[in-house]
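The structure appears right after this line, and notes come after that.
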Amino acid sequence: MMPFVTTRSRALQQRAETLLPGGVDSPVRAFRAVGGHPPFVESAEGAYLRDADGNHYVDLFGSWGPMLLGHAFPPVVEAIREAAGRSPSFGASTASEYELAALVRQCFPSIEKLRFVSSGTEACMSAIRLARGFTNRPFVIKFEGCYHGHADALLVKAGSGVATFGIPGSAGVPAETAMHTLALPYNDLEAVQQAFDAHPELIACVILEPVVGNAGTIAPAPGYLAGLRALTQEHGALLIFDEVMTGFRLALGGAQERFKAELGTLPDLTTLGKIVGGGLPVGVFGGRADVMDCLAPLGPVYQAGTLSGNPLAMAAGIAMLQKLIEHREEIYPKLERTTAAIADGVARLAAEQGIGLTTNRVGSMFTWFFTPNPVTDFASASASDTARFARFHRGMMERGVWLPPSQYEAAFVSTAHGEDEVEKVLAAAKEALRDAVR
Ligand code: HOZ
C-alpha cells in the first residue's frame with residue numbers, strides 16, 4: 001500500500017480552525033466521529049475526488065447526494081458557465097424558474113405547485129410552517145434518526161450530525177420551540193396511532209424521510225408508508241415526504257415513485273434538495289395546489305428568500321433534470337447494478353471474514369452497519385459498533401475510498417461509477433475490514 005500522505009490537508013485544516021469553528025462549515029465534515037484529518041478537496045471529476053496532497057479517492061458520498069451523474073458533469077458545468085455570464089443573481093423573476101418547476105412537476109405527479117428555496121433545511125422548515133398554517137394546528141410528528149435540516153423545531157432526536165455526535169438535540173433551542181415536536185420511532189405505526197389519539201385534532205403533519213438516509217440507510221417496512229398515509233388522512237393531518245436525499249435518486253420520482261404500488265395515495269407535500277440543484281444550493285417544497293396557495297402573496301403563510309430561484313442554481317438544475325428525464329431508462333438500472341455490486345460485494349467479504357455487518361441498500365444509497373442484527377430504526381442503528389466503523393472508514397480512506405465519515409450517514413453511488421470503481425472498493429474493503437476488527 002502506498003503511504004497515505006496528508007501533510008497539506010493537515011496544514012489547511014489547522015489554518016481553517018483559526019477562523020472557522022472546528023475548521024468546517026458543517027460539523028460532520030470535521031471527521032471527529034471517525035478520527036484522522038479531513039482531506040481538503042481540490043477538484044473532482046466523475047467518480048473521483050482529488051485532495052490537496054494529490055491523493056485520489058473513489059467518492060462514495062457524492063457531496064452527500066447531489067452528484068448523481070458524477071462530478072463536473074459537463075452539461076451542468078456548461079449551463080452554470082452560461083448563466084453566470086448573464087449575472088449570478090437578479091432578485092427578480094426569471095423564465096428559468098418556471099422551466100425547472102415544470103421539470104420537477106413532470107417527475108413528481110404529487111407536486112401540483114412548488115416553490116424554490118436555497119437548501120433542504122429551508123424546504124422542510126417552510127413545509128412545516130405551511131402545514132401548520134393550512135391546518136391551523138401546532139403539533140408535528142417526526143421520527144427518531146430522521147434529519148430534516150437544522151431548523152430549531154426539527155433538531156429533536158435528529159439524525160445526521162446530531163446522531164453522529166450522540167446529542168439529543170441542540171443547545172440554543174428553547175423548550176417552547178420544540179414542545180410541539182413529537183419524535184417517534186421510525187417503522188412503528190402503533191406509536192403514530194397513539195400520538196394521534198393523545199393529541200386529537202392538534203397534529204398538523206407527519207414528516208419523514210420515506211427511506212431514511214440520515215441514520216444510515218433504513219428502508220420502510222412493508223405497509224409502513226401506506227399506514228402513515230391512512231392515519232394522516234383519517235386524522236386530517238398532512239403527510240410530508242422529505243425527499244431531499246431520495247428525490248431523483250431512488251427513481252426519477254423519488255421514493256414516492258419507487259414505493260408507489262404500496263403507497264397508493266401520494267403525500268400532500270414533498271421537500272427536495274441536493275440533486276434538483278445539480279450541486280448548487282437549491283431546495284424545493286411543493287405539493288397539493290390548495291395547500292401551496294396558502295403561501296404569500298396568495299395566502300397568509302409567509303416565506304421568502306433573496307437567492308430563492310437563483311438563476312445559476314436553476315440553470316444547473318435544468319441541465320441535471322433534463323439529462324435524468326432523457327436517459328432514465330439507462331440511468332436507474334445502471335445505478336442499481338453498480339450499487340448492488342459494491343454494497344453486496346463488501347457484505348460478502350465481511351461474511352467470509354466472519355464479521356457481523358448489516359448492509360442496508362435501497363437503489364443507489366446504502367450503509368454498512370457494524371452490527372450483525374437487522375437495522376430497522378434508530379435504536380437498532382445505534383447498536384452498531386462505531387469504533388469498528390471508524391477504523392473501517394480510516395482503512396478505506398488510506399486505500400483511496402472516501403466513505404461518509406459517520407455510521408449515521410448514507411453512502412451514495414453515481415452513474416460515473418462502473419466496474420473499475422467496484423473493483424477498487426472491494427479490494428480496499430477486503431483489507432480495511434480486517435483492520436477494522438483487529
Ligand atoms: N447533514 C448533511 C448530510 N446528511 C451533511 C452535509 C455536509 O456536512 O456537507
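Residues are referred to by chain and number: the chain letter is A, B, ... according to the order shown in the C-alpha cells, the number counts from 1 in that chain, and ligands are numbered separately from 1 in the order shown.
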Give me, as a ChimeraX atom specification, all polymer residues having an atom no more than 12 Å from Gly172 in chain A, counting only C-alpha atoms and skipping those fewer than 6 positions away in the same chain.
/A:150-153,155,178
Would you mind exporting the chosen residues as an mmCIF file, in the first residue's frame, restricted to all heavy atoms?
```cif
data_model
loop_
_atom_site.group_PDB
_atom_site.id
_atom_site.type_symbol
_atom_site.label_atom_id
_atom_site.label_comp_id
_atom_site.auth_asym_id
_atom_site.auth_seq_id
_atom_site.Cartn_x
_atom_site.Cartn_y
_atom_site.Cartn_z
ATOM 1 N N HIS A 150 -31.575 21.862 9.900
ATOM 2 C CA HIS A 150 -31.247 22.291 11.263
ATOM 3 C C HIS A 150 -32.181 23.372 11.796
ATOM 4 O O HIS A 150 -31.800 24.152 12.682
ATOM 5 C CB HIS A 150 -29.776 22.694 11.344
ATOM 6 C CG HIS A 150 -29.403 23.835 10.460
ATOM 7 N ND1 HIS A 150 -29.466 25.141 10.884
ATOM 8 C CD2 HIS A 150 -28.996 23.874 9.174
ATOM 9 C CE1 HIS A 150 -29.100 25.929 9.883
ATOM 10 N NE2 HIS A 150 -28.818 25.190 8.846
ATOM 11 N N ALA A 151 -33.409 23.445 11.286
ATOM 12 C CA ALA A 151 -34.389 24.375 11.874
ATOM 13 C C ALA A 151 -34.668 23.934 13.317
ATOM 14 O O ALA A 151 -34.705 22.729 13.604
ATOM 15 C CB ALA A 151 -35.678 24.369 11.056
ATOM 16 N N ASP A 152 -34.878 24.908 14.203
ATOM 17 C CA ASP A 152 -34.997 24.641 15.647
ATOM 18 C C ASP A 152 -35.891 23.451 15.994
ATOM 19 O O ASP A 152 -35.477 22.519 16.673
ATOM 20 C CB ASP A 152 -35.538 25.890 16.375
ATOM 21 C CG ASP A 152 -34.468 26.959 16.529
ATOM 22 O OD1 ASP A 152 -33.311 26.703 16.140
ATOM 23 O OD2 ASP A 152 -34.794 28.048 17.033
ATOM 24 N N ALA A 153 -37.131 23.496 15.514
ATOM 25 C CA ALA A 153 -38.116 22.510 15.958
ATOM 26 C C ALA A 153 -37.858 21.127 15.379
ATOM 27 O O ALA A 153 -38.480 20.147 15.788
ATOM 28 C CB ALA A 153 -39.515 22.975 15.577
ATOM 29 N N LEU A 155 -34.737 19.640 15.162
ATOM 30 C CA LEU A 155 -33.494 19.005 15.627
ATOM 31 C C LEU A 155 -33.732 17.969 16.721
ATOM 32 O O LEU A 155 -32.794 17.322 17.179
ATOM 33 C CB LEU A 155 -32.510 20.073 16.128
ATOM 34 C CG LEU A 155 -31.756 20.811 15.015
ATOM 35 C CD1 LEU A 155 -30.858 21.876 15.605
ATOM 36 C CD2 LEU A 155 -30.935 19.852 14.166
ATOM 37 N N ALA A 178 -39.501 23.506 20.814
ATOM 38 C CA ALA A 178 -39.534 22.089 20.446
ATOM 39 C C ALA A 178 -40.719 21.352 21.069
ATOM 40 O O ALA A 178 -40.920 20.170 20.785
ATOM 41 C CB ALA A 178 -38.230 21.428 20.868
#
```
What are the closest atom pairs, with distances in Å to one decimal, for all residues of chain A lying within 7 Å of ligand 1? Consider only C-alpha atoms and all ligand atoms, order rows by chain and residue number, and present the result as JSON lines.
```
{"residue": "A:Ser26", "atom": "CA", "partner": "ligand 1", "partner_atom_place_in_ligand_line": "8 (O)", "distance": 4.4}
{"residue": "A:Pro27", "atom": "CA", "partner": "ligand 1", "partner_atom_place_in_ligand_line": "8 (O)", "distance": 6.0}
{"residue": "A:Val28", "atom": "CA", "partner": "ligand 1", "partner_atom_place_in_ligand_line": "8 (O)", "distance": 5.1}
{"residue": "A:Arg29", "atom": "CA", "partner": "ligand 1", "partner_atom_place_in_ligand_line": "8 (O)", "distance": 5.1}
{"residue": "A:Ser63", "atom": "CA", "partner": "ligand 1", "partner_atom_place_in_ligand_line": "9 (O)", "distance": 6.8}
{"residue": "A:Trp64", "atom": "CA", "partner": "ligand 1", "partner_atom_place_in_ligand_line": "3 (C)", "distance": 5.5}
{"residue": "A:Ser160", "atom": "CA", "partner": "ligand 1", "partner_atom_place_in_ligand_line": "4 (N)", "distance": 4.8}
{"residue": "A:Gly161", "atom": "CA", "partner": "ligand 1", "partner_atom_place_in_ligand_line": "1 (N)", "distance": 6.0}
{"residue": "A:Asn214", "atom": "CA", "partner": "ligand 1", "partner_atom_place_in_ligand_line": "4 (N)", "distance": 5.4}
{"residue": "A:Glu409", "atom": "CA", "partner": "ligand 1", "partner_atom_place_in_ligand_line": "4 (N)", "distance": 6.0}
```
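Residues within 7 Å of range 425-433 of chain A, counting only C-alpha atoms and excluding same-chain residues fewer than 6 positions away, are A:Ile342, A:Gly345, A:Val346, A:Leu349, A:Ala350, A:Phe392, A:Gly395, A:Met396, A:Arg399, A:Val401.
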Just want the 10 Å neighbourhood of Gly36 in chain A, counted on only C-alpha atoms, with same-chain residues fewer than 6 positions away dropped. Output as a count of residues only.
8
What parts of range 81-128 of chain A does DSSP call alpha helix (DSSP H)? I'd like the answer as a VMD selection string.
chain A and resid 81 to 84 95 to 107 120 to 128
Using N, CA, C and O atoms, can you write the selected residues to a file as an mmCIF file, in the first residue's frame?
```
data_model
loop_
_atom_site.group_PDB
_atom_site.id
_atom_site.type_symbol
_atom_site.label_atom_id
_atom_site.label_comp_id
_atom_site.auth_asym_id
_atom_site.auth_seq_id
_atom_site.Cartn_x
_atom_site.Cartn_y
_atom_site.Cartn_z
ATOM 1 N N ARG A 81 -21.857 27.991 -16.385
ATOM 2 C CA ARG A 81 -20.995 28.999 -17.037
ATOM 3 C C ARG A 81 -21.822 29.987 -17.842
ATOM 4 O O ARG A 81 -21.654 31.201 -17.740
ATOM 5 N N GLU A 82 -22.727 29.416 -18.601
ATOM 6 C CA GLU A 82 -23.537 30.261 -19.497
ATOM 7 C C GLU A 82 -24.399 31.223 -18.677
ATOM 8 O O GLU A 82 -24.471 32.425 -18.955
ATOM 9 N N ALA A 83 -25.021 30.695 -17.601
ATOM 10 C CA ALA A 83 -25.886 31.547 -16.774
ATOM 11 C C ALA A 83 -25.073 32.606 -16.028
ATOM 12 O O ALA A 83 -25.519 33.752 -15.893
ATOM 13 N N ALA A 84 -23.867 32.234 -15.591
ATOM 14 C CA ALA A 84 -23.031 33.191 -14.831
ATOM 15 C C ALA A 84 -22.687 34.408 -15.693
ATOM 16 O O ALA A 84 -22.618 35.536 -15.193
ATOM 17 N N ALA A 95 -37.406 33.337 -16.375
ATOM 18 C CA ALA A 95 -38.144 32.245 -17.029
ATOM 19 C C ALA A 95 -37.638 30.888 -16.546
ATOM 20 O O ALA A 95 -38.368 29.893 -16.571
ATOM 21 N N SER A 96 -36.383 30.845 -16.099
ATOM 22 C CA SER A 96 -35.793 29.553 -15.727
ATOM 23 C C SER A 96 -36.505 28.912 -14.522
ATOM 24 O O SER A 96 -36.504 27.687 -14.383
ATOM 25 N N GLU A 97 -37.113 29.724 -13.660
ATOM 26 C CA GLU A 97 -37.807 29.145 -12.504
ATOM 27 C C GLU A 97 -38.982 28.277 -12.957
ATOM 28 O O GLU A 97 -39.188 27.176 -12.453
ATOM 29 N N TYR A 98 -39.743 28.800 -13.920
ATOM 30 C CA TYR A 98 -40.867 28.002 -14.437
ATOM 31 C C TYR A 98 -40.341 26.746 -15.127
ATOM 32 O O TYR A 98 -40.883 25.657 -14.959
ATOM 33 N N GLU A 99 -39.257 26.921 -15.874
ATOM 34 C CA GLU A 99 -38.702 25.780 -16.624
ATOM 35 C C GLU A 99 -38.315 24.624 -15.687
ATOM 36 O O GLU A 99 -38.639 23.467 -15.932
ATOM 37 N N LEU A 100 -37.606 24.960 -14.604
ATOM 38 C CA LEU A 100 -37.210 23.909 -13.664
ATOM 39 C C LEU A 100 -38.440 23.376 -12.917
ATOM 40 O O LEU A 100 -38.560 22.165 -12.696
ATOM 41 N N ALA A 101 -39.363 24.270 -12.577
ATOM 42 C CA ALA A 101 -40.585 23.838 -11.894
ATOM 43 C C ALA A 101 -41.347 22.817 -12.748
ATOM 44 O O ALA A 101 -41.845 21.805 -12.231
ATOM 45 N N ALA A 102 -41.405 23.069 -14.051
ATOM 46 C CA ALA A 102 -42.142 22.152 -14.942
ATOM 47 C C ALA A 102 -41.452 20.786 -14.993
ATOM 48 O O ALA A 102 -42.115 19.738 -15.052
ATOM 49 N N LEU A 103 -40.121 20.784 -14.944
ATOM 50 C CA LEU A 103 -39.401 19.502 -14.953
ATOM 51 C C LEU A 103 -39.643 18.738 -13.645
ATOM 52 O O LEU A 103 -39.819 17.525 -13.643
ATOM 53 N N VAL A 104 -39.642 19.469 -12.526
ATOM 54 C CA VAL A 104 -39.902 18.823 -11.230
ATOM 55 C C VAL A 104 -41.311 18.230 -11.251
ATOM 56 O O VAL A 104 -41.535 17.080 -10.854
ATOM 57 N N ARG A 105 -42.247 19.008 -11.737
ATOM 58 C CA ARG A 105 -43.656 18.567 -11.801
ATOM 59 C C ARG A 105 -43.790 17.298 -12.656
ATOM 60 O O ARG A 105 -44.527 16.379 -12.318
ATOM 61 N N GLN A 106 -43.026 17.276 -13.754
ATOM 62 C CA GLN A 106 -43.051 16.106 -14.647
ATOM 63 C C GLN A 106 -42.581 14.837 -13.917
ATOM 64 O O GLN A 106 -43.097 13.752 -14.141
ATOM 65 N N CYS A 107 -41.612 14.990 -13.034
ATOM 66 C CA CYS A 107 -41.059 13.831 -12.312
ATOM 67 C C CYS A 107 -41.914 13.457 -11.101
ATOM 68 O O CYS A 107 -41.968 12.282 -10.732
ATOM 69 N N GLY A 120 -32.202 22.270 1.697
ATOM 70 C CA GLY A 120 -33.168 21.312 2.224
ATOM 71 C C GLY A 120 -33.718 21.770 3.569
ATOM 72 O O GLY A 120 -34.884 21.559 3.889
ATOM 73 N N THR A 121 -32.850 22.397 4.373
ATOM 74 C CA THR A 121 -33.300 22.929 5.665
ATOM 75 C C THR A 121 -34.457 23.897 5.466
ATOM 76 O O THR A 121 -35.515 23.787 6.095
ATOM 77 N N GLU A 122 -34.256 24.841 4.554
ATOM 78 C CA GLU A 122 -35.307 25.834 4.290
ATOM 79 C C GLU A 122 -36.570 25.172 3.759
ATOM 80 O O GLU A 122 -37.686 25.581 4.092
ATOM 81 N N ALA A 123 -36.390 24.169 2.905
ATOM 82 C CA ALA A 123 -37.548 23.498 2.300
ATOM 83 C C ALA A 123 -38.395 22.856 3.393
ATOM 84 O O ALA A 123 -39.630 23.018 3.423
ATOM 85 N N CYS A 124 -37.752 22.138 4.320
ATOM 86 C CA CYS A 124 -38.510 21.428 5.368
ATOM 87 C C CYS A 124 -39.108 22.416 6.367
ATOM 88 O O CYS A 124 -40.266 22.268 6.778
ATOM 89 N N MET A 125 -38.336 23.420 6.729
ATOM 90 C CA MET A 125 -38.823 24.431 7.665
ATOM 91 C C MET A 125 -40.063 25.122 7.078
ATOM 92 O O MET A 125 -41.079 25.310 7.765
ATOM 93 N N SER A 126 -40.022 25.437 5.800
ATOM 94 C CA SER A 126 -41.139 26.136 5.155
ATOM 95 C C SER A 126 -42.336 25.206 5.004
ATOM 96 O O SER A 126 -43.492 25.630 5.172
ATOM 97 N N ALA A 127 -42.081 23.940 4.690
ATOM 98 C CA ALA A 127 -43.188 22.981 4.520
ATOM 99 C C ALA A 127 -43.942 22.804 5.833
ATOM 100 O O ALA A 127 -45.178 22.720 5.859
ATOM 101 N N ILE A 128 -43.192 22.777 6.932
ATOM 102 C CA ILE A 128 -43.829 22.626 8.253
ATOM 103 C C ILE A 128 -44.678 23.856 8.577
ATOM 104 O O ILE A 128 -45.806 23.755 9.048
#
```
Looking at only C-alpha atoms, which of A:Ala92, A:Arg32, A:Gly133, A:Gly46 is the one that sits closest to Tyr302 in chain A?
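With only C-alpha atoms as the atom set, the closest residue is A:Gly133.
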Kindly indicate which residue among A:Ala251, A:Met245, A:Val375, A:Ala341 lies nearest to Tyr186 in chain A, using only C-alpha atoms for the distances.
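For Tyr186 in chain A, the nearest of the candidates is A:Val375.
Note that the spacing between CA of Phe139 in chain A and CA of Glu112 in chain A amounts to 24.9 Å.
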Backbone-only DSSP, strand (DSSP E or B) members of range 235-413 of chain A, as a ChimeraX atom specification:
/A:238-242,269-272,278,280,283-287,295,301,358-362,365-369,401-402,411-412
Of the residues A:Arg434, A:Leu19, A:Trp402, A:Glu243, which is the one nearest to Ala351 in chain A, using only C-alpha atoms?
A:Arg434
How far is it from CA of Phe61 in chain A to CA of Val162 in chain A, in Å with one decimal?
18.2 Å
Which of these, A:Ala72, A:Ala347, A:Met67, A:Ala313, has the shortest distance to Ala44 in chain A once you count only C-alpha atoms?
A:Ala72
Near Glu262 in chain A, within 12 Å and counting only C-alpha atoms, which residues show up once chain neighbours fewer than 4 positions away are dropped, as a PyMOL selection string?
chain A and resi 220-230+255-258+266
For CA of Arg348 in chain A and CA of Tyr408 in chain A, the interatomic separation in Å (one decimal)
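Rounded to one decimal, the two atoms are 21.5 Å apart.
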Quick one: of A:Leu130, A:Leu312, A:Ala237, A:Val276, who's nearest to Gly254 in chain A, counting only C-alpha atoms?
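The answer is A:Val276, which sits nearest to Gly254 in chain A.
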Please provide the set of residues having any atom within 6 Å of range 317-322 of chain A, restricted to only C-alpha atoms, with same-chain residues fewer than 2 positions apart removed, written as a PyMOL selection string.
chain A and resi 76+100+276-278+314-315+324-326
Neighbours of Thr338 in chain A within 10 Å (only C-alpha atoms; same-chain residues fewer than 6 positions away dropped), as a short mmCIF file (atom, residue, chain, number, x, y, z; two decimals) with all heavy atoms, in the first residue's frame?
```
data_model
loop_
_atom_site.label_atom_id
_atom_site.label_comp_id
_atom_site.auth_asym_id
_atom_site.auth_seq_id
_atom_site.Cartn_x
_atom_site.Cartn_y
_atom_site.Cartn_z
N ASP A 344 -23.25 -5.30 -1.89
CA ASP A 344 -23.31 -6.75 -1.63
C ASP A 344 -21.92 -7.37 -1.65
O ASP A 344 -21.64 -8.34 -0.94
CB ASP A 344 -24.20 -7.46 -2.66
CG ASP A 344 -25.62 -6.92 -2.64
OD1 ASP A 344 -25.94 -6.17 -1.70
OD2 ASP A 344 -26.39 -7.22 -3.56
N GLY A 363 -31.86 1.17 -3.81
CA GLY A 363 -31.36 1.85 -5.02
C GLY A 363 -29.89 2.19 -4.86
O GLY A 363 -29.09 1.35 -4.46
N SER A 364 -29.54 3.44 -5.13
CA SER A 364 -28.13 3.82 -5.11
C SER A 364 -27.71 4.48 -3.80
O SER A 364 -26.74 5.24 -3.76
CB SER A 364 -27.82 4.75 -6.29
OG SER A 364 -28.64 5.89 -6.25
N VAL A 413 -23.92 6.40 -4.69
CA VAL A 413 -23.19 5.98 -5.90
C VAL A 413 -23.73 6.81 -7.07
O VAL A 413 -24.88 7.25 -7.06
CB VAL A 413 -23.41 4.46 -6.12
CG1 VAL A 413 -22.86 4.01 -7.47
CG2 VAL A 413 -22.73 3.68 -4.98
N SER A 414 -22.86 7.05 -8.06
CA SER A 414 -23.27 7.84 -9.23
C SER A 414 -23.18 7.00 -10.49
O SER A 414 -22.62 5.90 -10.49
CB SER A 414 -22.36 9.07 -9.37
OG SER A 414 -21.14 8.69 -10.01
N THR A 415 -23.67 7.57 -11.59
CA THR A 415 -23.58 6.87 -12.88
C THR A 415 -22.14 6.83 -13.38
O THR A 415 -21.83 6.08 -14.30
CB THR A 415 -24.45 7.55 -13.95
OG1 THR A 415 -24.08 8.94 -14.00
CG2 THR A 415 -25.93 7.42 -13.64
N ALA A 416 -21.27 7.66 -12.80
CA ALA A 416 -19.86 7.64 -13.22
C ALA A 416 -19.11 6.45 -12.62
O ALA A 416 -18.00 6.13 -13.02
CB ALA A 416 -19.17 8.94 -12.80
N HIS A 417 -19.71 5.80 -11.62
CA HIS A 417 -19.09 4.61 -11.04
C HIS A 417 -19.38 3.41 -11.96
O HIS A 417 -20.50 3.26 -12.45
CB HIS A 417 -19.67 4.31 -9.65
CG HIS A 417 -19.30 5.33 -8.60
ND1 HIS A 417 -19.83 6.59 -8.58
CD2 HIS A 417 -18.45 5.25 -7.55
CE1 HIS A 417 -19.33 7.26 -7.55
NE2 HIS A 417 -18.49 6.48 -6.91
N GLY A 418 -18.35 2.60 -12.16
CA GLY A 418 -18.51 1.42 -13.01
C GLY A 418 -17.69 0.27 -12.46
O GLY A 418 -17.33 0.26 -11.27
N GLU A 419 -17.36 -0.65 -13.37
CA GLU A 419 -16.68 -1.87 -12.91
C GLU A 419 -15.33 -1.59 -12.24
O GLU A 419 -14.97 -2.22 -11.24
CB GLU A 419 -16.48 -2.83 -14.07
CG GLU A 419 -17.77 -3.55 -14.41
CD GLU A 419 -17.67 -4.39 -15.66
OE1 GLU A 419 -16.54 -4.74 -16.06
OE2 GLU A 419 -18.73 -4.69 -16.23
N GLU A 421 -14.43 0.98 -10.51
CA GLU A 421 -14.62 1.51 -9.15
C GLU A 421 -15.11 0.40 -8.22
O GLU A 421 -14.70 0.35 -7.06
CB GLU A 421 -15.61 2.68 -9.18
CG GLU A 421 -15.05 3.95 -9.82
CD GLU A 421 -14.86 3.84 -11.32
OE1 GLU A 421 -15.69 3.17 -11.97
OE2 GLU A 421 -13.86 4.39 -11.84
N VAL A 422 -15.96 -0.48 -8.73
CA VAL A 422 -16.42 -1.61 -7.91
C VAL A 422 -15.20 -2.41 -7.47
O VAL A 422 -15.02 -2.71 -6.28
CB VAL A 422 -17.40 -2.52 -8.69
CG1 VAL A 422 -17.74 -3.77 -7.88
CG2 VAL A 422 -18.67 -1.76 -9.06
#
```
